[in-house]
file start.txt (compact mmCIF, C-alpha atoms)
# COMPACT_ATOMS: atom_id res chain seq x y z
CA MET F 1 -15.10 9.15 -13.89
CA PRO F 2 -15.35 6.17 -11.51
CA GLN F 3 -18.36 5.52 -9.25
CA ILE F 4 -17.14 6.73 -5.87
CA ASP F 5 -19.04 6.29 -2.63
CA TYR F 6 -18.24 9.68 -1.09
CA GLN F 7 -19.88 8.76 2.19
CA ARG F 8 -17.42 5.93 2.67
CA LEU F 9 -14.56 8.01 1.30
CA ALA F 10 -15.18 10.55 4.07
CA ASN F 11 -14.49 7.91 6.73
CA PHE F 12 -10.72 7.78 6.62
CA ARG F 13 -8.23 9.58 8.82
CA TYR F 14 -5.82 10.71 6.12
CA ALA F 15 -4.70 10.08 2.55
CA ILE F 16 -1.48 8.71 1.09
CA LEU F 17 -0.39 10.42 -2.09
CA THR F 18 1.93 8.51 -4.40
CA THR F 19 3.66 9.75 -7.51
CA ILE F 20 6.75 8.84 -9.48
CA GLY F 21 9.71 11.04 -8.58
CA ASP F 22 12.25 12.47 -11.01
CA ASP F 23 14.57 9.54 -10.14
CA GLY F 24 11.94 7.03 -11.30
CA TYR F 25 11.17 5.73 -7.81
CA PRO F 26 7.64 5.89 -6.36
CA PHE F 27 7.36 8.57 -3.71
CA SER F 28 4.56 8.39 -1.12
CA ILE F 29 3.58 10.84 1.55
CA THR F 30 0.68 11.15 3.98
CA THR F 31 -1.53 14.20 3.82
CA ASN F 32 -4.89 15.48 5.05
CA TYR F 33 -7.85 15.62 2.75
CA GLN F 34 -11.29 17.14 2.51
CA LEU F 35 -14.38 16.37 0.46
CA THR F 36 -16.40 19.34 -0.70
CA PRO F 37 -20.23 19.35 -1.02
CA ASP F 38 -19.83 19.34 -4.80
CA LYS F 39 -17.77 16.13 -4.53
CA LYS F 40 -14.29 17.45 -5.04
CA VAL F 41 -11.39 15.69 -3.36
CA LEU F 42 -8.99 18.29 -1.97
CA LEU F 43 -5.61 17.38 -0.54
CA ASP F 44 -3.29 19.46 1.60
CA LYS F 45 -0.22 20.22 -0.47
CA PRO F 46 2.69 18.22 0.94
CA LYS F 47 6.20 19.63 0.96
CA LEU F 48 7.76 18.01 -2.07
CA PRO F 49 10.68 18.97 -4.27
CA SER F 50 8.67 18.41 -7.46
CA ARG F 51 5.47 20.17 -8.50
CA LEU F 52 2.25 18.18 -8.38
CA ASP F 53 0.18 20.34 -10.74
CA GLY F 54 -0.98 18.13 -13.59
CA LYS F 55 0.89 15.12 -12.21
CA ARG F 56 -0.36 11.52 -12.48
CA VAL F 57 -0.83 10.18 -8.95
CA ASN F 58 -2.64 7.61 -6.92
CA VAL F 59 -4.23 8.44 -3.60
CA LEU F 60 -4.82 5.73 -1.05
CA PHE F 61 -7.29 5.98 1.80
CA ASN F 62 -6.96 3.05 4.17
CA HIS F 63 -7.94 1.81 7.59
CA ILE F 64 -7.02 -1.15 9.78
CA THR F 65 -7.69 -1.95 13.43
CA GLY F 66 -5.37 -4.23 15.37
CA ILE F 67 -6.96 -6.88 17.59
CA SER F 68 -5.21 -7.13 20.96
CA THR F 69 -5.19 -10.94 20.83
CA GLY F 70 -3.69 -10.91 17.35
CA GLY F 71 -4.83 -10.15 13.85
CA TYR F 72 -6.69 -7.23 12.36
CA THR F 73 -10.23 -6.14 11.73
CA ASP F 74 -12.14 -3.37 9.96
CA ARG F 75 -9.76 -3.47 7.01
CA ARG F 76 -10.80 -1.22 4.16
CA TYR F 77 -9.23 0.87 1.46
CA MET F 78 -10.13 3.03 -1.48
CA LEU F 79 -7.45 3.72 -4.07
CA LEU F 80 -8.03 6.52 -6.54
CA TRP F 81 -5.88 7.02 -9.62
CA GLY F 82 -5.91 10.33 -11.40
CA THR F 83 -4.31 13.74 -11.81
CA THR F 84 -3.73 16.49 -9.27
CA HIS F 85 -4.30 20.18 -10.00
CA GLU F 86 -3.41 23.28 -7.99
CA ASP F 87 -6.62 24.72 -6.53
CA HIS F 88 -6.37 27.74 -4.21
CA GLY F 89 -3.31 26.50 -2.37
CA ARG F 90 -4.47 22.91 -2.21
CA LEU F 91 -4.46 19.98 -4.62
CA ARG F 92 -7.65 18.89 -6.33
CA LEU F 93 -7.70 15.27 -7.38
CA GLU F 94 -9.32 14.49 -10.71
CA PRO F 95 -10.11 10.77 -10.25
CA GLU F 96 -9.97 8.48 -13.27
CA LYS F 97 -9.93 5.00 -11.78
CA LEU F 98 -10.92 3.38 -8.49
CA SER F 99 -10.13 0.12 -6.76
CA GLU F 100 -11.42 -0.67 -3.30
CA TRP F 101 -12.12 -3.24 -0.64
CA ASP F 102 -14.05 -3.15 2.62
CA GLU F 103 -14.20 -6.37 4.58
CA LYS F 104 -17.56 -5.39 6.06
CA ILE F 105 -18.96 -5.43 2.53
CA LEU F 106 -16.90 -8.30 1.12
CA PRO F 107 -15.28 -10.61 3.73
CA PHE F 108 -11.64 -11.56 3.22
CA PRO F 109 -12.19 -15.13 1.90
CA GLU F 110 -14.74 -13.88 -0.66
CA TYR F 111 -12.41 -11.05 -1.62
CA CYS F 112 -9.63 -13.58 -2.25
CA ALA F 113 -11.99 -15.66 -4.39
CA LYS F 114 -12.95 -12.56 -6.34
CA VAL F 115 -9.36 -11.59 -7.13
CA ALA F 116 -8.19 -15.19 -7.64
CA PRO F 117 -8.41 -14.91 -11.46
CA GLN F 118 -5.78 -12.17 -11.33
CA GLY F 119 -3.53 -14.49 -9.29
CA ALA F 120 -4.25 -17.41 -11.61
CA LYS F 121 -3.23 -15.27 -14.59
CA TYR F 122 0.07 -14.48 -12.89
CA LEU F 123 0.69 -18.14 -12.01
CA GLU F 124 0.02 -19.17 -15.62
CA LYS F 125 2.59 -16.64 -16.76
CA LEU F 126 5.01 -17.93 -14.13
CA GLN F 127 4.60 -21.61 -15.00
CA PRO F 128 7.06 -21.76 -17.96
CA SER F 129 9.90 -20.32 -15.84
CA VAL F 130 9.17 -22.81 -13.01
CA GLU F 131 9.21 -25.76 -15.43
CA ALA F 132 12.40 -24.60 -17.18
CA MET E 1 8.73 -5.63 -10.36
CA LYS E 2 10.76 -7.84 -12.64
CA GLU E 3 10.28 -5.28 -15.40
CA ASN E 4 10.77 -2.27 -13.13
CA PRO E 5 12.42 -2.99 -9.76
CA LYS E 6 12.14 0.58 -8.48
CA VAL E 7 9.80 0.40 -5.49
CA SER E 8 8.95 2.21 -2.30
CA MET E 9 7.33 1.27 0.99
CA LEU E 10 5.63 3.77 3.25
CA PHE E 11 5.29 3.00 6.96
CA SER E 12 2.64 5.44 8.12
CA ASN E 13 -0.03 3.67 10.11
CA PRO E 14 0.87 2.79 13.72
CA GLU E 15 -1.88 0.13 13.78
CA GLY E 16 -0.29 -1.85 11.01
CA THR E 17 3.42 -1.05 11.18
CA LYS E 18 4.37 -0.34 14.80
CA SER E 19 6.23 2.71 13.50
CA GLY E 20 4.78 4.89 16.23
CA LYS E 21 3.73 8.32 15.09
CA HIS E 22 6.59 8.56 12.65
CA VAL E 23 6.19 8.33 8.89
CA ILE E 24 8.99 6.55 7.06
CA LEU E 25 9.44 6.08 3.32
CA VAL E 26 11.90 3.47 2.09
CA GLN E 27 12.80 3.60 -1.60
CA GLY E 28 14.87 0.85 -3.14
CA ASN E 29 15.35 -1.89 -5.66
CA ALA E 30 13.27 -5.04 -5.46
CA THR E 31 14.14 -8.60 -6.34
CA THR E 32 11.48 -11.27 -6.44
CA GLU E 33 11.71 -14.92 -5.47
CA ASP E 34 8.86 -16.81 -7.09
CA SER E 35 10.34 -20.14 -8.10
CA ASP E 36 8.73 -21.95 -5.14
CA LEU E 37 5.49 -20.27 -4.12
CA ASP E 38 4.64 -22.97 -1.56
CA HIS E 39 7.90 -23.14 0.37
CA GLY E 40 10.19 -20.30 -0.79
CA TRP E 41 8.97 -18.01 1.97
CA GLU E 42 9.35 -20.49 4.84
CA LYS E 43 12.92 -19.42 5.67
CA TYR E 44 11.49 -16.03 6.70
CA LEU E 45 8.79 -17.46 8.95
CA SER E 46 10.63 -16.53 12.17
CA TYR E 47 10.46 -12.81 11.19
CA TRP E 48 6.77 -13.14 10.36
CA ARG E 49 6.10 -14.93 13.66
CA LYS E 50 7.84 -12.15 15.58
CA LYS E 51 5.55 -9.54 14.02
CA GLU E 52 2.38 -11.61 14.08
CA PRO E 53 2.71 -14.46 16.64
CA TYR E 54 -0.80 -15.77 15.92
CA ILE E 55 0.32 -16.80 12.43
CA ASP E 56 1.04 -20.29 13.83
CA ALA E 57 -2.70 -20.85 14.26
CA TYR E 58 -3.18 -20.33 10.53
CA LEU E 59 -0.11 -22.37 9.75
CA ALA E 60 -1.54 -25.34 11.67
CA GLU E 61 -4.47 -25.34 9.26
CA ARG E 62 -2.35 -24.70 6.24
CA GLU E 63 -4.18 -27.11 3.95
CA LYS E 64 -7.42 -25.15 4.43
CA PHE E 65 -5.92 -21.94 3.10
CA GLY E 66 -3.94 -23.04 0.06
CA TRP E 67 -4.26 -19.67 -1.64
CA PHE E 68 -3.10 -17.81 1.49
CA TRP E 69 0.15 -19.73 1.71
CA LYS E 70 1.27 -19.22 -1.86
CA ARG E 71 3.72 -16.38 -1.51
CA VAL E 72 6.18 -14.49 -3.67
CA VAL E 73 9.08 -13.18 -1.60
CA VAL E 74 10.05 -9.61 -2.43
CA GLN E 75 13.36 -8.34 -1.13
CA VAL E 76 14.02 -4.63 -1.20
CA GLU E 77 17.51 -3.21 -1.03
CA PRO E 78 17.04 0.25 0.49
CA ARG E 79 18.54 3.12 -1.49
CA LYS E 80 17.04 6.11 0.24
CA ILE E 81 15.10 6.54 3.49
CA THR E 82 12.99 9.62 4.16
CA ALA E 83 11.60 10.09 7.67
CA TRP E 84 9.11 12.59 9.04
CA LYS E 85 9.41 12.82 12.82
CA ASN E 86 6.02 12.46 14.57
CA GLY E 87 4.42 12.10 11.15
CA ASP E 88 4.46 15.84 10.47
CA THR E 89 4.80 15.87 6.68
CA SER E 90 4.50 19.65 6.56
CA GLN E 91 8.04 19.75 7.97
CA LYS E 92 11.32 19.00 6.23
CA PRO E 93 12.09 15.28 6.52
CA GLU E 94 15.37 13.62 7.50
CA VAL E 95 16.90 11.91 4.47
CA PHE E 96 19.36 9.02 4.59
CA GLY E 97 21.13 7.57 1.57
CA ALA E 98 21.19 8.58 -2.12

call {"tool": "encode", "arguments": {"input": "start.txt", "output": "structure tokens"}}
result
Amino acid sequence: MPQIDYQRLANFRYAILTTIGDDGYPFSITTNYQLTPDKKVLLDKPKLPSRLDGKRVNVLFNHITGISTGGYTDRRYMLLWGTTHEDHGRLRLEPEKLSEWDEKILPFPEYCAKVAPQGAKYLEKLQPSVEA
Amino acid sequence: MKENPKVSMLFSNPEGTKSGKHVILVQGNATTEDSDLDHGWEKYLSYWRKKEPYIDAYLAEREKFGWFWKRVVVQVEPRKITAWKNGDTSQKPEVFGA
């Protein structure tokens, strides 16, 4: 169970639920969500052809504000990976993994520096094909 | 994406996508261009500029943001488009393609 800051999680407008469809393509849809006092994440059940009970999903909560003169501010997201379960007509998310970023906590340049090792790993992998 | 090119893109936030209230899901097959991370993306700069005109300010100081300007270009060939008018995902969407 990941460490989730439920106070911050409550501050998003909606959630984006993503799962892999029967055709193998990722399928994403927006939906409303609610946090219960006992820290359950409940999602409104979207109209989907496939059932979501017991399905592996990720749920993205994100926010961005456009600046009228150009650019963006107040960028933040929380991405929860887990399984959804039918729960009284809604979907309860059982979170297993979390990744997140909030530029008010970690400014963009610092965030880039933090994730640079991941990029460096990719570039190292890429190098042989560039040299070939 | 090289191992599994099946991707999707969801346009759902008017602040970031200019899609209005509508929610649009594009599913398709991706190809990646990563042989020239420093210049491979430059041919698409006019599209980027149209969406975010202020990008030229960053471009002028390109040497300061080396990491920002290393880019893999991902092209997605749409296969299926699913659209929810006014973002109402409780309603049946319009589906185009496969």

call {"tool": "residues_around", "arguments": {"input": "start.txt", "residues": "Ser12 (chain E)", "least_positions_apart": "6", "cutoff": "10 Å", "atoms": "only C-alpha atoms", "output": "ChimeraX atom specification"}}
result
/F:16,28-30 /E:18-25,84,87

call {"tool": "interface_residues", "arguments": {"input": "start.txt", "of": "chain F", "to": "chain E", "cutoff": "8 Å", "atoms": "all atoms listed in the file", "output": "list of chain:residue names"}}
result
F:Gly24, F:Tyr25, F:Pro26, F:Phe27, F:Ser28, F:Ile29, F:Thr30, F:Thr31, F:Pro46, F:Lys47, F:Ile64, F:Thr65, F:Gly66, F:Gly70, F:Gly71, F:Ser129, F:Val130

call {"tool": "atom_distance", "arguments": {"input": "start.txt", "atom1": "CA of Val59 (chain F)", "atom2": "CA of Glu96 (chain F)"}}
result
11.2 Å

call {"tool": "atom_distance", "arguments": {"input": "start.txt", "atom1": "CA of Leu9 (chain F)", "atom2": "CA of Pro49 (chain F)"}}
result
28.1 Å

call {"tool": "axis_aligned_box", "arguments": {"input": "start.txt", "around": "region 63-73 of chain E", "padding_each_side": "3 Å", "output": "lines of an AutoDock Vina configuration file"}}
result
center_x = 0.8
center_y = -20.1
center_z = 0.4
size_x = 22.5
size_y = 19.9
size_z = 14.1

call {"tool": "build_atoms", "arguments": {"input": "start.txt", "residues": "region 6-18 of chain F", "atoms": "N, CA and C atoms", "output": "short mmCIF file (atom, residue, chain, number, x, y, z; two decimals), in the frame of the given file"}}
result
data_model
loop_
_atom_site.label_atom_id
_atom_site.label_comp_id
_atom_site.auth_asym_id
_atom_site.auth_seq_id
_atom_site.Cartn_x
_atom_site.Cartn_y
_atom_site.Cartn_z
N TYR F 6 -18.85 8.58 -1.84
CA TYR F 6 -18.24 9.68 -1.09
C TYR F 6 -18.50 9.59 0.41
N GLN F 7 -19.59 8.92 0.76
CA GLN F 7 -19.88 8.76 2.19
C GLN F 7 -18.82 7.87 2.84
N ARG F 8 -18.46 6.81 2.12
CA ARG F 8 -17.42 5.93 2.67
C ARG F 8 -16.05 6.59 2.57
N LEU F 9 -15.85 7.34 1.49
CA LEU F 9 -14.56 8.01 1.30
C LEU F 9 -14.28 9.02 2.42
N ALA F 10 -15.35 9.56 3.00
CA ALA F 10 -15.18 10.55 4.07
C ALA F 10 -14.71 9.91 5.38
N ASN F 11 -14.77 8.58 5.46
CA ASN F 11 -14.49 7.91 6.73
C ASN F 11 -13.06 7.39 6.87
N PHE F 12 -12.12 8.14 6.42
CA PHE F 12 -10.72 7.78 6.62
C PHE F 12 -10.03 8.93 7.34
N ARG F 13 -8.93 8.58 8.00
CA ARG F 13 -8.23 9.58 8.82
C ARG F 13 -7.34 10.50 7.98
N TYR F 14 -6.73 9.93 6.96
CA TYR F 14 -5.82 10.71 6.12
C TYR F 14 -5.67 10.01 4.78
N ALA F 15 -4.93 10.65 3.88
CA ALA F 15 -4.70 10.08 2.55
C ALA F 15 -3.21 9.85 2.35
N ILE F 16 -2.88 8.92 1.46
CA ILE F 16 -1.48 8.71 1.09
C ILE F 16 -1.36 9.00 -0.40
N LEU F 17 -0.57 9.99 -0.71
CA LEU F 17 -0.39 10.42 -2.09
C LEU F 17 0.88 9.78 -2.65
N THR F 18 0.76 9.13 -3.79
CA THR F 18 1.93 8.51 -4.40
C THR F 18 2.10 9.01 -5.82
#
